[in-house]
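The next block holds one structure in the form of structure tokens; read it before the comments.
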Amino acid sequence: MSIASTITAACPECDAPVAFDRAPLNGQIARCPDCSAELEVTSTNPVTLELAPEVEEDWGE
Amino acid sequence: MRIAMTYTRLRAEERLLLDAFEALGVEVNPIDLREVVFDPAEPGEWATYDAVIDRSVSLTNALTATRILESMGVRCINPAAAIELCSDKLSTTLALIRAGVPTPGVRVATGGEAALRAVETVGYPAVLKPTIGSWGRLVARVNDRDAAEAIIEHRETLGSIQQGVFYVQEHIDKPGRDIRVFVVGGEAIAAIVRTSAHWVTNTARGATAAGLPISPELREICVRSVAAVGADIAAVDILECPRRGLLVNELNHSMEFRNSITTSAVDIPAIVARHAVRIAESARVSQAVPA
Ligand SMILES: [Zn+2]
């Protein structure tokens, strides 16, 4: 089971720590608390963040 | 029981659904579709799932995955056919008309000159929509003939092939709000009303929302519309027409609900998860019966 410690990764935009209350999954979306950039988890071990891609034409509900 | 959840981005909705499955004690395997290579002739591990709930934000991914998985005999939530009917506005309109569900009047044309006639038939203002697209993108309100000519010419010269289909909807003079109803397993479970000064009422475009009690009339039209497209789970967008009453505007197969849980005071992900488990259980039973 998951360990009750916060996982953090650096924001690629401003380097601020972005915290996850538990292990994030690949493709998970997060927002940087400092610069509000929309980020995407691109690897989970270690947790790596990249700027989330722009909305594509076929995205939606 | 084994359930997988396919996705392309793990947004708040997907996280909430995973939590809801976990609360039911059901383990769900989240699968990032961008990393998958399908062999349509070899189901492999896919065959071990009783159901796959698709939560792709990309329509291309959703249709690709569900079409292949269903061909392998995997029960998909929603079914590929339902995704196809919901995601293409013309297909939605046709399904609603066949089922006798009230929907705004449309005219459809494939050529520029005919498109202009379609707009004039509908009258001004008319609403020109791409047949595929979400979140109100590229939806244009056409107020007069000059605007109609400009937009049609623009779409003809710059648009994709899909934009060569002119889907012209009558403008519904709604009372500054529209209604969204969440339907799960043939039941209307929650409703919100969105109010906006802008004519495209869409929470993604800054409208405000509140909960709404579901009247029997609202329940009936929503449940019938979702049945018409064969979706297990869908959000129905309703317009209130002063002349014709409730009209089904659009159906959303991969509904967003993070902001609607508090607004409607309904635990939408819990209900979705319970219904997915029911589907997986019955798929499992039917698979267990020898052919
Ligand atoms: Zn940042």
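In the structure tokens, chains take the letters A, B, ... in the order shown, each chain's residues start at 1, and ligands count up from 1 in the order shown.
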
Write out as JSON lines a residue-level contact list of chain A versus ligand 1 with cut-off 10 Å: for each qualifying residue the closest pair of atoms and the distance in Å to one decimal, counting only C-alpha atoms and all ligand atoms, rows sorted by chain and residue number upward.
```
{"residue": "A:Ala10", "atom": "CA", "partner": "ligand 1", "partner_atom_place_in_ligand_line": "1 (Zn)", "distance": 7.9}
{"residue": "A:Cys11", "atom": "CA", "partner": "ligand 1", "partner_atom_place_in_ligand_line": "1 (Zn)", "distance": 4.6}
{"residue": "A:Pro12", "atom": "CA", "partner": "ligand 1", "partner_atom_place_in_ligand_line": "1 (Zn)", "distance": 6.6}
{"residue": "A:Glu13", "atom": "CA", "partner": "ligand 1", "partner_atom_place_in_ligand_line": "1 (Zn)", "distance": 4.9}
{"residue": "A:Cys14", "atom": "CA", "partner": "ligand 1", "partner_atom_place_in_ligand_line": "1 (Zn)", "distance": 4.1}
{"residue": "A:Asp15", "atom": "CA", "partner": "ligand 1", "partner_atom_place_in_ligand_line": "1 (Zn)", "distance": 5.9}
{"residue": "A:Ala16", "atom": "CA", "partner": "ligand 1", "partner_atom_place_in_ligand_line": "1 (Zn)", "distance": 5.4}
{"residue": "A:Pro17", "atom": "CA", "partner": "ligand 1", "partner_atom_place_in_ligand_line": "1 (Zn)", "distance": 7.8}
{"residue": "A:Val18", "atom": "CA", "partner": "ligand 1", "partner_atom_place_in_ligand_line": "1 (Zn)", "distance": 7.8}
{"residue": "A:Arg31", "atom": "CA", "partner": "ligand 1", "partner_atom_place_in_ligand_line": "1 (Zn)", "distance": 7.9}
{"residue": "A:Cys32", "atom": "CA", "partner": "ligand 1", "partner_atom_place_in_ligand_line": "1 (Zn)", "distance": 4.6}
{"residue": "A:Pro33", "atom": "CA", "partner": "ligand 1", "partner_atom_place_in_ligand_line": "1 (Zn)", "distance": 6.6}
{"residue": "A:Asp34", "atom": "CA", "partner": "ligand 1", "partner_atom_place_in_ligand_line": "1 (Zn)", "distance": 5.1}
{"residue": "A:Cys35", "atom": "CA", "partner": "ligand 1", "partner_atom_place_in_ligand_line": "1 (Zn)", "distance": 4.0}
{"residue": "A:Ser36", "atom": "CA", "partner": "ligand 1", "partner_atom_place_in_ligand_line": "1 (Zn)", "distance": 6.0}
{"residue": "A:Ala37", "atom": "CA", "partner": "ligand 1", "partner_atom_place_in_ligand_line": "1 (Zn)", "distance": 5.6}
{"residue": "A:Glu38", "atom": "CA", "partner": "ligand 1", "partner_atom_place_in_ligand_line": "1 (Zn)", "distance": 8.5}
{"residue": "A:Leu39", "atom": "CA", "partner": "ligand 1", "partner_atom_place_in_ligand_line": "1 (Zn)", "distance": 8.7}
{"residue": "A:Leu51", "atom": "CA", "partner": "ligand 1", "partner_atom_place_in_ligand_line": "1 (Zn)", "distance": 9.5}
```

Limited to all heavy atoms, could you put the picked residues into a file as a short mmCIF file (atom, residue, chain, number, x, y, z; two decimals), in the first residue's frame?
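Generated output (again-v8.cif):
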```
data_model
loop_
_atom_site.label_atom_id
_atom_site.label_comp_id
_atom_site.auth_asym_id
_atom_site.auth_seq_id
_atom_site.Cartn_x
_atom_site.Cartn_y
_atom_site.Cartn_z
N ALA A 10 9.30 18.73 -9.43
CA ALA A 10 9.53 20.14 -9.74
C ALA A 10 8.70 20.58 -10.94
O ALA A 10 8.58 19.85 -11.93
CB ALA A 10 11.01 20.37 -10.02
N CYS A 11 8.13 21.75 -10.85
CA CYS A 11 7.41 22.34 -11.98
C CYS A 11 8.41 22.71 -13.07
O CYS A 11 9.40 23.39 -12.79
CB CYS A 11 6.65 23.59 -11.53
SG CYS A 11 5.94 24.52 -12.91
N PRO A 12 8.19 22.26 -14.31
CA PRO A 12 9.14 22.56 -15.38
C PRO A 12 9.13 24.05 -15.77
O PRO A 12 10.08 24.52 -16.40
CB PRO A 12 8.65 21.70 -16.55
CG PRO A 12 7.22 21.45 -16.27
CD PRO A 12 7.06 21.44 -14.78
N GLU A 13 8.10 24.76 -15.39
CA GLU A 13 7.98 26.17 -15.73
C GLU A 13 8.75 27.04 -14.73
O GLU A 13 9.54 27.87 -15.11
CB GLU A 13 6.51 26.57 -15.66
CG GLU A 13 5.75 27.05 -16.83
CD GLU A 13 6.37 27.52 -18.11
OE1 GLU A 13 7.17 26.76 -18.71
OE2 GLU A 13 6.01 28.61 -18.54
N CYS A 14 8.52 26.81 -13.42
CA CYS A 14 9.06 27.73 -12.40
C CYS A 14 9.86 27.01 -11.33
O CYS A 14 10.36 27.66 -10.41
CB CYS A 14 7.92 28.51 -11.76
SG CYS A 14 6.92 27.50 -10.64
N ASP A 15 9.97 25.70 -11.44
CA ASP A 15 10.78 24.91 -10.50
C ASP A 15 10.16 24.78 -9.10
O ASP A 15 10.78 24.23 -8.20
CB ASP A 15 12.20 25.49 -10.40
CG ASP A 15 13.22 24.39 -10.15
OD1 ASP A 15 12.99 23.26 -10.66
OD2 ASP A 15 14.19 24.62 -9.43
N ALA A 16 8.98 25.29 -8.89
CA ALA A 16 8.33 25.14 -7.59
C ALA A 16 7.96 23.67 -7.38
O ALA A 16 7.70 22.94 -8.34
CB ALA A 16 7.08 26.00 -7.52
N PRO A 17 7.95 23.21 -6.12
CA PRO A 17 7.53 21.82 -5.89
C PRO A 17 6.02 21.65 -6.08
O PRO A 17 5.24 22.46 -5.60
CB PRO A 17 7.94 21.56 -4.44
CG PRO A 17 8.04 22.90 -3.81
CD PRO A 17 8.33 23.90 -4.89
N VAL A 18 5.63 20.62 -6.83
CA VAL A 18 4.22 20.28 -7.01
C VAL A 18 3.99 19.00 -6.21
O VAL A 18 4.68 18.00 -6.43
CB VAL A 18 3.88 20.07 -8.50
CG1 VAL A 18 2.41 19.73 -8.69
CG2 VAL A 18 4.26 21.30 -9.31
N ARG A 31 -1.82 20.99 -11.43
CA ARG A 31 -1.60 22.42 -11.66
C ARG A 31 -0.55 22.90 -10.68
O ARG A 31 -0.58 22.56 -9.50
CB ARG A 31 -2.91 23.18 -11.47
CG ARG A 31 -2.82 24.63 -11.95
CD ARG A 31 -4.19 25.29 -11.98
NE ARG A 31 -5.01 24.84 -13.10
CZ ARG A 31 -4.90 25.30 -14.35
NH1 ARG A 31 -4.01 26.22 -14.65
NH2 ARG A 31 -5.70 24.86 -15.31
N CYS A 32 0.41 23.67 -11.17
CA CYS A 32 1.46 24.19 -10.31
C CYS A 32 0.86 25.22 -9.36
O CYS A 32 0.18 26.15 -9.80
CB CYS A 32 2.57 24.83 -11.14
SG CYS A 32 3.78 25.66 -10.11
N PRO A 33 1.08 25.07 -8.03
CA PRO A 33 0.49 26.02 -7.08
C PRO A 33 1.10 27.42 -7.20
O PRO A 33 0.49 28.40 -6.81
CB PRO A 33 0.80 25.40 -5.71
CG PRO A 33 1.98 24.52 -5.95
CD PRO A 33 1.87 24.03 -7.37
N ASP A 34 2.31 27.48 -7.76
CA ASP A 34 2.98 28.78 -7.84
C ASP A 34 2.66 29.53 -9.12
O ASP A 34 2.22 30.67 -9.10
CB ASP A 34 4.51 28.59 -7.75
CG ASP A 34 4.98 28.55 -6.30
OD1 ASP A 34 4.14 28.16 -5.44
OD2 ASP A 34 6.15 28.88 -6.04
N CYS A 35 2.85 28.87 -10.28
CA CYS A 35 2.71 29.60 -11.55
C CYS A 35 1.44 29.20 -12.30
O CYS A 35 1.16 29.73 -13.37
CB CYS A 35 3.94 29.37 -12.44
SG CYS A 35 4.00 27.72 -13.15
N SER A 36 0.65 28.27 -11.73
CA SER A 36 -0.63 27.84 -12.31
C SER A 36 -0.50 27.12 -13.64
O SER A 36 -1.50 26.91 -14.33
CB SER A 36 -1.58 29.03 -12.49
OG SER A 36 -1.86 29.61 -11.26
N ALA A 37 0.71 26.74 -14.03
CA ALA A 37 0.87 26.00 -15.28
C ALA A 37 0.14 24.67 -15.18
O ALA A 37 0.13 24.03 -14.11
CB ALA A 37 2.34 25.76 -15.57
N GLU A 38 -0.49 24.27 -16.29
CA GLU A 38 -1.12 22.95 -16.31
C GLU A 38 -0.07 21.92 -16.69
O GLU A 38 0.57 22.04 -17.73
CB GLU A 38 -2.29 22.93 -17.30
CG GLU A 38 -3.30 21.87 -16.89
CD GLU A 38 -4.37 21.57 -17.93
OE1 GLU A 38 -4.28 22.07 -19.06
OE2 GLU A 38 -5.27 20.81 -17.59
N LEU A 39 0.10 20.94 -15.84
CA LEU A 39 1.20 19.99 -15.99
C LEU A 39 0.66 18.58 -16.15
O LEU A 39 -0.46 18.28 -15.75
CB LEU A 39 2.11 20.05 -14.76
CG LEU A 39 2.61 21.45 -14.39
CD1 LEU A 39 3.32 21.42 -13.05
CD2 LEU A 39 3.54 21.99 -15.47
N LEU A 51 4.92 20.29 -19.26
CA LEU A 51 3.76 21.15 -19.55
C LEU A 51 2.71 20.30 -20.27
O LEU A 51 3.04 19.58 -21.20
CB LEU A 51 4.18 22.32 -20.43
CG LEU A 51 4.82 23.51 -19.72
CD1 LEU A 51 5.19 24.58 -20.75
CD2 LEU A 51 3.90 24.10 -18.67
#
```

Compute the set of chain A residues within 6 Å of chain B, using only C-alpha atoms, and express it as a VMD selection string.
-> chain A and resid 27 to 29 58 to 61

Point-to-point distance from CA of Pro125 (chain B) to CA of Arg141 (chain B), Å rounded to tenths | 6.4 Å

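Minimum distance to Thr6 (chain A) across A:Pro53, A:Pro24, A:Thr48, A:Ala30 (counting only C-alpha atoms) occurs at A:Pro24.
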
Backbone DSSP call of strand (DSSP E or B) for region 173-283 of chain B, listed as a compact mmCIF listing (two decimals) with N, CA and C atoms, in the first residue's frame:
```
# COMPACT_ATOMS: atom_id res chain seq x y z
N ARG B 177 -30.24 30.18 -19.84
CA ARG B 177 -29.68 29.06 -19.08
C ARG B 177 -29.88 27.78 -19.86
N ASP B 178 -29.06 26.78 -19.58
CA ASP B 178 -29.41 25.46 -20.07
C ASP B 178 -29.13 24.39 -19.03
N ILE B 179 -29.66 23.23 -19.33
CA ILE B 179 -29.74 22.17 -18.32
C ILE B 179 -28.86 21.01 -18.74
N ARG B 180 -28.15 20.45 -17.79
CA ARG B 180 -27.41 19.23 -18.06
C ARG B 180 -27.89 18.15 -17.08
N VAL B 181 -28.21 17.00 -17.65
CA VAL B 181 -28.69 15.88 -16.83
C VAL B 181 -27.74 14.70 -17.00
N PHE B 182 -27.35 14.10 -15.92
CA PHE B 182 -26.46 12.95 -15.94
C PHE B 182 -27.32 11.69 -15.88
N VAL B 183 -27.14 10.83 -16.89
CA VAL B 183 -27.94 9.61 -16.95
C VAL B 183 -26.99 8.41 -16.85
N VAL B 184 -27.27 7.56 -15.89
CA VAL B 184 -26.43 6.38 -15.66
C VAL B 184 -27.33 5.16 -15.55
N GLU B 187 -31.09 5.76 -15.71
CA GLU B 187 -31.71 6.61 -14.70
C GLU B 187 -31.09 7.99 -14.71
N ALA B 188 -31.93 9.00 -14.60
CA ALA B 188 -31.42 10.38 -14.48
C ALA B 188 -31.01 10.58 -13.02
N ILE B 189 -29.71 10.69 -12.78
CA ILE B 189 -29.24 10.68 -11.38
C ILE B 189 -28.96 12.08 -10.83
N ALA B 190 -28.71 13.04 -11.70
CA ALA B 190 -28.37 14.38 -11.23
C ALA B 190 -28.62 15.38 -12.34
N ALA B 191 -28.91 16.60 -11.96
CA ALA B 191 -29.11 17.65 -12.96
C ALA B 191 -28.54 18.97 -12.43
N ILE B 192 -27.96 19.72 -13.34
CA ILE B 192 -27.51 21.06 -12.99
C ILE B 192 -28.05 22.03 -14.04
N VAL B 193 -28.16 23.27 -13.65
CA VAL B 193 -28.59 24.29 -14.60
C VAL B 193 -27.47 25.32 -14.68
N ARG B 194 -27.11 25.65 -15.91
CA ARG B 194 -26.01 26.60 -16.12
C ARG B 194 -26.56 27.90 -16.67
N THR B 195 -26.16 28.98 -16.05
CA THR B 195 -26.65 30.30 -16.42
C THR B 195 -25.49 31.11 -16.97
N THR B 208 -22.09 29.93 -14.78
CA THR B 208 -22.23 29.48 -13.41
C THR B 208 -23.30 28.40 -13.32
N ALA B 209 -23.17 27.50 -12.35
CA ALA B 209 -24.04 26.34 -12.30
C ALA B 209 -24.71 26.20 -10.94
N ALA B 210 -25.88 25.58 -10.93
CA ALA B 210 -26.60 25.28 -9.69
C ALA B 210 -27.32 23.95 -9.87
N GLY B 211 -27.68 23.31 -8.76
CA GLY B 211 -28.41 22.05 -8.83
C GLY B 211 -29.84 22.29 -9.29
N ILE B 233 -23.74 5.47 -19.97
CA ILE B 233 -23.49 6.65 -19.15
C ILE B 233 -23.40 7.84 -20.10
N ALA B 234 -24.16 8.89 -19.83
CA ALA B 234 -24.07 10.06 -20.70
C ALA B 234 -24.60 11.29 -19.98
N ALA B 235 -24.14 12.43 -20.43
CA ALA B 235 -24.69 13.70 -19.96
C ALA B 235 -25.50 14.29 -21.10
N VAL B 236 -26.71 14.71 -20.76
CA VAL B 236 -27.63 15.22 -21.77
C VAL B 236 -27.74 16.73 -21.60
N ASP B 237 -27.51 17.46 -22.68
CA ASP B 237 -27.68 18.92 -22.64
C ASP B 237 -29.04 19.27 -23.20
N ILE B 238 -29.81 19.96 -22.36
CA ILE B 238 -31.20 20.28 -22.67
C ILE B 238 -31.37 21.79 -22.85
N LEU B 239 -32.12 22.17 -23.85
CA LEU B 239 -32.49 23.57 -24.03
C LEU B 239 -33.98 23.70 -23.76
N GLU B 240 -34.37 24.82 -23.18
CA GLU B 240 -35.79 25.07 -22.93
C GLU B 240 -36.30 26.02 -24.01
N CYS B 241 -37.11 25.47 -24.88
CA CYS B 241 -37.65 26.28 -25.97
C CYS B 241 -39.00 26.87 -25.53
N GLY B 245 -40.93 23.53 -25.66
CA GLY B 245 -40.60 22.90 -24.37
C GLY B 245 -39.19 22.36 -24.37
N LEU B 246 -38.97 21.25 -23.66
CA LEU B 246 -37.62 20.71 -23.51
C LEU B 246 -37.14 20.07 -24.82
N LEU B 247 -35.90 20.42 -25.18
CA LEU B 247 -35.30 19.85 -26.40
C LEU B 247 -33.91 19.31 -26.04
N VAL B 248 -33.57 18.14 -26.60
CA VAL B 248 -32.23 17.59 -26.39
C VAL B 248 -31.28 18.24 -27.39
N ASN B 249 -30.29 18.95 -26.87
CA ASN B 249 -29.34 19.63 -27.75
C ASN B 249 -28.17 18.73 -28.10
N GLU B 250 -27.54 18.15 -27.08
CA GLU B 250 -26.37 17.30 -27.31
C GLU B 250 -26.30 16.21 -26.27
N LEU B 251 -25.56 15.15 -26.64
CA LEU B 251 -25.29 14.07 -25.69
C LEU B 251 -23.77 13.92 -25.58
N ASN B 252 -23.28 13.76 -24.36
CA ASN B 252 -21.85 13.65 -24.14
C ASN B 252 -21.53 12.26 -23.59
```

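In this model, the gap between CA of Gly44 (chain B) and CA of Ile68 (chain B) comes to 12.5 Å.
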
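Our summary of the geometry notes that CA of Arg98 (chain B) is positioned 20.5 Å from CA of Val165 (chain B).
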
Write out as a PyMOL selection string which residues come within 12 Å of Glu27 (chain B) when counting only C-alpha atoms, dropping same-chain ones fewer than 6 positions away.
-> chain B and resi 1-5+17-21+49+273+277

Resulting file, chosen residues, N, CA and C atoms, as an mmCIF file, in the first residue's frame:
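Result file follows (selection.cif):
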```cif
data_model
loop_
_atom_site.group_PDB
_atom_site.id
_atom_site.type_symbol
_atom_site.label_atom_id
_atom_site.label_comp_id
_atom_site.auth_asym_id
_atom_site.auth_seq_id
_atom_site.Cartn_x
_atom_site.Cartn_y
_atom_site.Cartn_z
ATOM 1 N N MET B 1 -13.598 -10.255 -10.363
ATOM 2 C CA MET B 1 -13.998 -9.376 -11.456
ATOM 3 C C MET B 1 -12.845 -8.464 -11.835
ATOM 4 N N ARG B 2 -12.663 -8.275 -13.135
ATOM 5 C CA ARG B 2 -11.595 -7.375 -13.584
ATOM 6 C C ARG B 2 -12.171 -6.274 -14.467
ATOM 7 N N ILE B 3 -11.820 -5.047 -14.121
ATOM 8 C CA ILE B 3 -12.251 -3.884 -14.896
ATOM 9 C C ILE B 3 -11.007 -3.069 -15.219
ATOM 10 N N ALA B 4 -10.939 -2.561 -16.446
ATOM 11 C CA ALA B 4 -9.871 -1.630 -16.803
ATOM 12 C C ALA B 4 -10.485 -0.281 -17.126
ATOM 13 N N MET B 5 -9.716 0.763 -16.898
ATOM 14 C CA MET B 5 -10.150 2.093 -17.300
ATOM 15 C C MET B 5 -9.127 2.648 -18.283
ATOM 16 N N LEU B 17 -13.112 8.599 -10.266
ATOM 17 C CA LEU B 17 -13.672 7.285 -10.594
ATOM 18 C C LEU B 17 -12.826 6.170 -9.987
ATOM 19 N N LEU B 18 -11.508 6.303 -10.082
ATOM 20 C CA LEU B 18 -10.635 5.279 -9.493
ATOM 21 C C LEU B 18 -10.882 5.186 -7.987
ATOM 22 N N ASP B 19 -11.045 6.340 -7.343
ATOM 23 C CA ASP B 19 -11.339 6.350 -5.900
ATOM 24 C C ASP B 19 -12.679 5.675 -5.619
ATOM 25 N N ALA B 20 -13.659 5.936 -6.489
ATOM 26 C CA ALA B 20 -14.990 5.361 -6.279
ATOM 27 C C ALA B 20 -14.949 3.839 -6.416
ATOM 28 N N PHE B 21 -14.182 3.344 -7.392
ATOM 29 C CA PHE B 21 -14.038 1.889 -7.536
ATOM 30 C C PHE B 21 -13.329 1.316 -6.307
ATOM 31 N N TYR B 49 -10.507 -8.973 -19.020
ATOM 32 C CA TYR B 49 -11.355 -7.947 -18.394
ATOM 33 C C TYR B 49 -12.822 -8.241 -18.652
ATOM 34 N N ALA B 273 -19.426 4.209 -10.920
ATOM 35 C CA ALA B 273 -18.632 3.024 -10.583
ATOM 36 C C ALA B 273 -19.541 1.829 -10.281
ATOM 37 N N VAL B 277 -19.662 -1.710 -12.370
ATOM 38 C CA VAL B 277 -19.484 -3.014 -11.727
ATOM 39 C C VAL B 277 -20.649 -3.943 -12.090
#
```

Distance query Asn26 (chain A) at most 6 Å, only C-alpha atoms, self and fewer than 5 positions along chain excluded, as a list in words | Val41, Thr42 and Ser43 of chain A

Expected file contents, prior selection, N, CA and C atoms, as a short mmCIF file (atom, residue, chain, number, x, y, z; two decimals), in the first residue's frame:
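Writing the result to again_19.cif gives the following:
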```
data_model
loop_
_atom_site.label_atom_id
_atom_site.label_comp_id
_atom_site.auth_asym_id
_atom_site.auth_seq_id
_atom_site.Cartn_x
_atom_site.Cartn_y
_atom_site.Cartn_z
N VAL A 41 1.89 14.42 -15.69
CA VAL A 41 2.87 13.46 -15.21
C VAL A 41 3.30 12.60 -16.40
N THR A 42 4.59 12.66 -16.74
CA THR A 42 5.05 11.90 -17.91
C THR A 42 5.86 10.68 -17.52
N SER A 43 6.26 10.59 -16.25
CA SER A 43 6.84 9.34 -15.76
C SER A 43 6.61 9.30 -14.26
#
```

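Within region 121-169 of chain B, the backbone-based DSSP assignment of alpha helix (DSSP H) covers Thr121, Val122, Arg145, Asp146, Ala147, Ala148, Glu149, Ala150, Ile151, Ile152, Glu153, His154, Arg155, Glu156, Thr157 and Leu158 of chain B.
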
Got time to write the residues from that selection, N, CA, C and O atoms, as a PDB file, in the first residue's frame?
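Below you can see out14.pdb, which holds the result:
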```
ATOM      1  N   THR B 121     -33.342  29.172 -44.458  1.00  0.00           N
ATOM      2  CA  THR B 121     -34.531  28.391 -44.089  1.00  0.00           C
ATOM      3  C   THR B 121     -34.718  28.371 -42.578  1.00  0.00           C
ATOM      4  O   THR B 121     -35.821  28.514 -42.074  1.00  0.00           O
ATOM      5  N   VAL B 122     -33.604  28.177 -41.866  1.00  0.00           N
ATOM      6  CA  VAL B 122     -33.661  28.145 -40.405  1.00  0.00           C
ATOM      7  C   VAL B 122     -34.021  29.527 -39.879  1.00  0.00           C
ATOM      8  O   VAL B 122     -34.755  29.663 -38.903  1.00  0.00           O
ATOM      9  N   ARG B 145     -27.342  37.674 -43.194  1.00  0.00           N
ATOM     10  CA  ARG B 145     -26.875  37.039 -44.425  1.00  0.00           C
ATOM     11  C   ARG B 145     -25.394  37.296 -44.694  1.00  0.00           C
ATOM     12  O   ARG B 145     -24.668  36.401 -45.141  1.00  0.00           O
ATOM     13  N   ASP B 146     -24.923  38.484 -44.382  1.00  0.00           N
ATOM     14  CA  ASP B 146     -23.501  38.789 -44.575  1.00  0.00           C
ATOM     15  C   ASP B 146     -22.626  37.847 -43.750  1.00  0.00           C
ATOM     16  O   ASP B 146     -21.645  37.289 -44.250  1.00  0.00           O
ATOM     17  N   ALA B 147     -23.007  37.676 -42.497  1.00  0.00           N
ATOM     18  CA  ALA B 147     -22.238  36.791 -41.613  1.00  0.00           C
ATOM     19  C   ALA B 147     -22.300  35.362 -42.126  1.00  0.00           C
ATOM     20  O   ALA B 147     -21.302  34.637 -42.135  1.00  0.00           O
ATOM     21  N   ALA B 148     -23.470  34.935 -42.592  1.00  0.00           N
ATOM     22  CA  ALA B 148     -23.639  33.576 -43.105  1.00  0.00           C
ATOM     23  C   ALA B 148     -22.713  33.339 -44.292  1.00  0.00           C
ATOM     24  O   ALA B 148     -21.992  32.340 -44.360  1.00  0.00           O
ATOM     25  N   GLU B 149     -22.702  34.285 -45.222  1.00  0.00           N
ATOM     26  CA  GLU B 149     -21.847  34.138 -46.407  1.00  0.00           C
ATOM     27  C   GLU B 149     -20.378  34.072 -46.005  1.00  0.00           C
ATOM     28  O   GLU B 149     -19.614  33.249 -46.522  1.00  0.00           O
ATOM     29  N   ALA B 150     -19.971  34.926 -45.079  1.00  0.00           N
ATOM     30  CA  ALA B 150     -18.568  34.964 -44.651  1.00  0.00           C
ATOM     31  C   ALA B 150     -18.160  33.648 -43.989  1.00  0.00           C
ATOM     32  O   ALA B 150     -17.101  33.078 -44.309  1.00  0.00           O
ATOM     33  N   ILE B 151     -18.998  33.146 -43.100  1.00  0.00           N
ATOM     34  CA  ILE B 151     -18.641  31.916 -42.372  1.00  0.00           C
ATOM     35  C   ILE B 151     -18.631  30.717 -43.312  1.00  0.00           C
ATOM     36  O   ILE B 151     -17.734  29.880 -43.268  1.00  0.00           O
ATOM     37  N   ILE B 152     -19.624  30.650 -44.193  1.00  0.00           N
ATOM     38  CA  ILE B 152     -19.683  29.513 -45.117  1.00  0.00           C
ATOM     39  C   ILE B 152     -18.475  29.521 -46.045  1.00  0.00           C
ATOM     40  O   ILE B 152     -17.838  28.483 -46.272  1.00  0.00           O
ATOM     41  N   GLU B 153     -18.111  30.692 -46.537  1.00  0.00           N
ATOM     42  CA  GLU B 153     -16.961  30.773 -47.428  1.00  0.00           C
ATOM     43  C   GLU B 153     -15.684  30.373 -46.693  1.00  0.00           C
ATOM     44  O   GLU B 153     -14.855  29.620 -47.210  1.00  0.00           O
ATOM     45  N   HIS B 154     -15.582  30.857 -45.465  1.00  0.00           N
ATOM     46  CA  HIS B 154     -14.409  30.538 -44.644  1.00  0.00           C
ATOM     47  C   HIS B 154     -14.293  29.031 -44.418  1.00  0.00           C
ATOM     48  O   HIS B 154     -13.252  28.433 -44.602  1.00  0.00           O
ATOM     49  N   ARG B 155     -15.422  28.407 -44.057  1.00  0.00           N
ATOM     50  CA  ARG B 155     -15.396  26.958 -43.784  1.00  0.00           C
ATOM     51  C   ARG B 155     -15.100  26.167 -45.056  1.00  0.00           C
ATOM     52  O   ARG B 155     -14.436  25.151 -45.028  1.00  0.00           O
ATOM     53  N   GLU B 156     -15.623  26.664 -46.180  1.00  0.00           N
ATOM     54  CA  GLU B 156     -15.396  25.947 -47.443  1.00  0.00           C
ATOM     55  C   GLU B 156     -13.937  25.981 -47.855  1.00  0.00           C
ATOM     56  O   GLU B 156     -13.399  25.004 -48.355  1.00  0.00           O
ATOM     57  N   THR B 157     -13.294  27.128 -47.653  1.00  0.00           N
ATOM     58  CA  THR B 157     -11.924  27.264 -48.152  1.00  0.00           C
ATOM     59  C   THR B 157     -10.898  26.755 -47.147  1.00  0.00           C
ATOM     60  O   THR B 157      -9.897  26.185 -47.542  1.00  0.00           O
ATOM     61  N   LEU B 158     -11.151  26.971 -45.867  1.00  0.00           N
ATOM     62  CA  LEU B 158     -10.125  26.639 -44.870  1.00  0.00           C
ATOM     63  C   LEU B 158     -10.445  25.406 -44.046  1.00  0.00           C
ATOM     64  O   LEU B 158      -9.582  24.849 -43.391  1.00  0.00           O
TER      65      LEU B 158
END
```

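The list of residues with at least one atom within 10 Å of Ala115 (chain B), based on only C-alpha atoms and without residues fewer than 3 positions apart in the same chain, reads Arg107, Val108, Ala109, Thr110, Gly111, Gly112, Ala118, Val119, Glu120, Thr121, Leu128, Ala148, Glu149, Ile152, Glu153, Gly164, Val165, Phe166, Tyr167 and Val168 of chain B.
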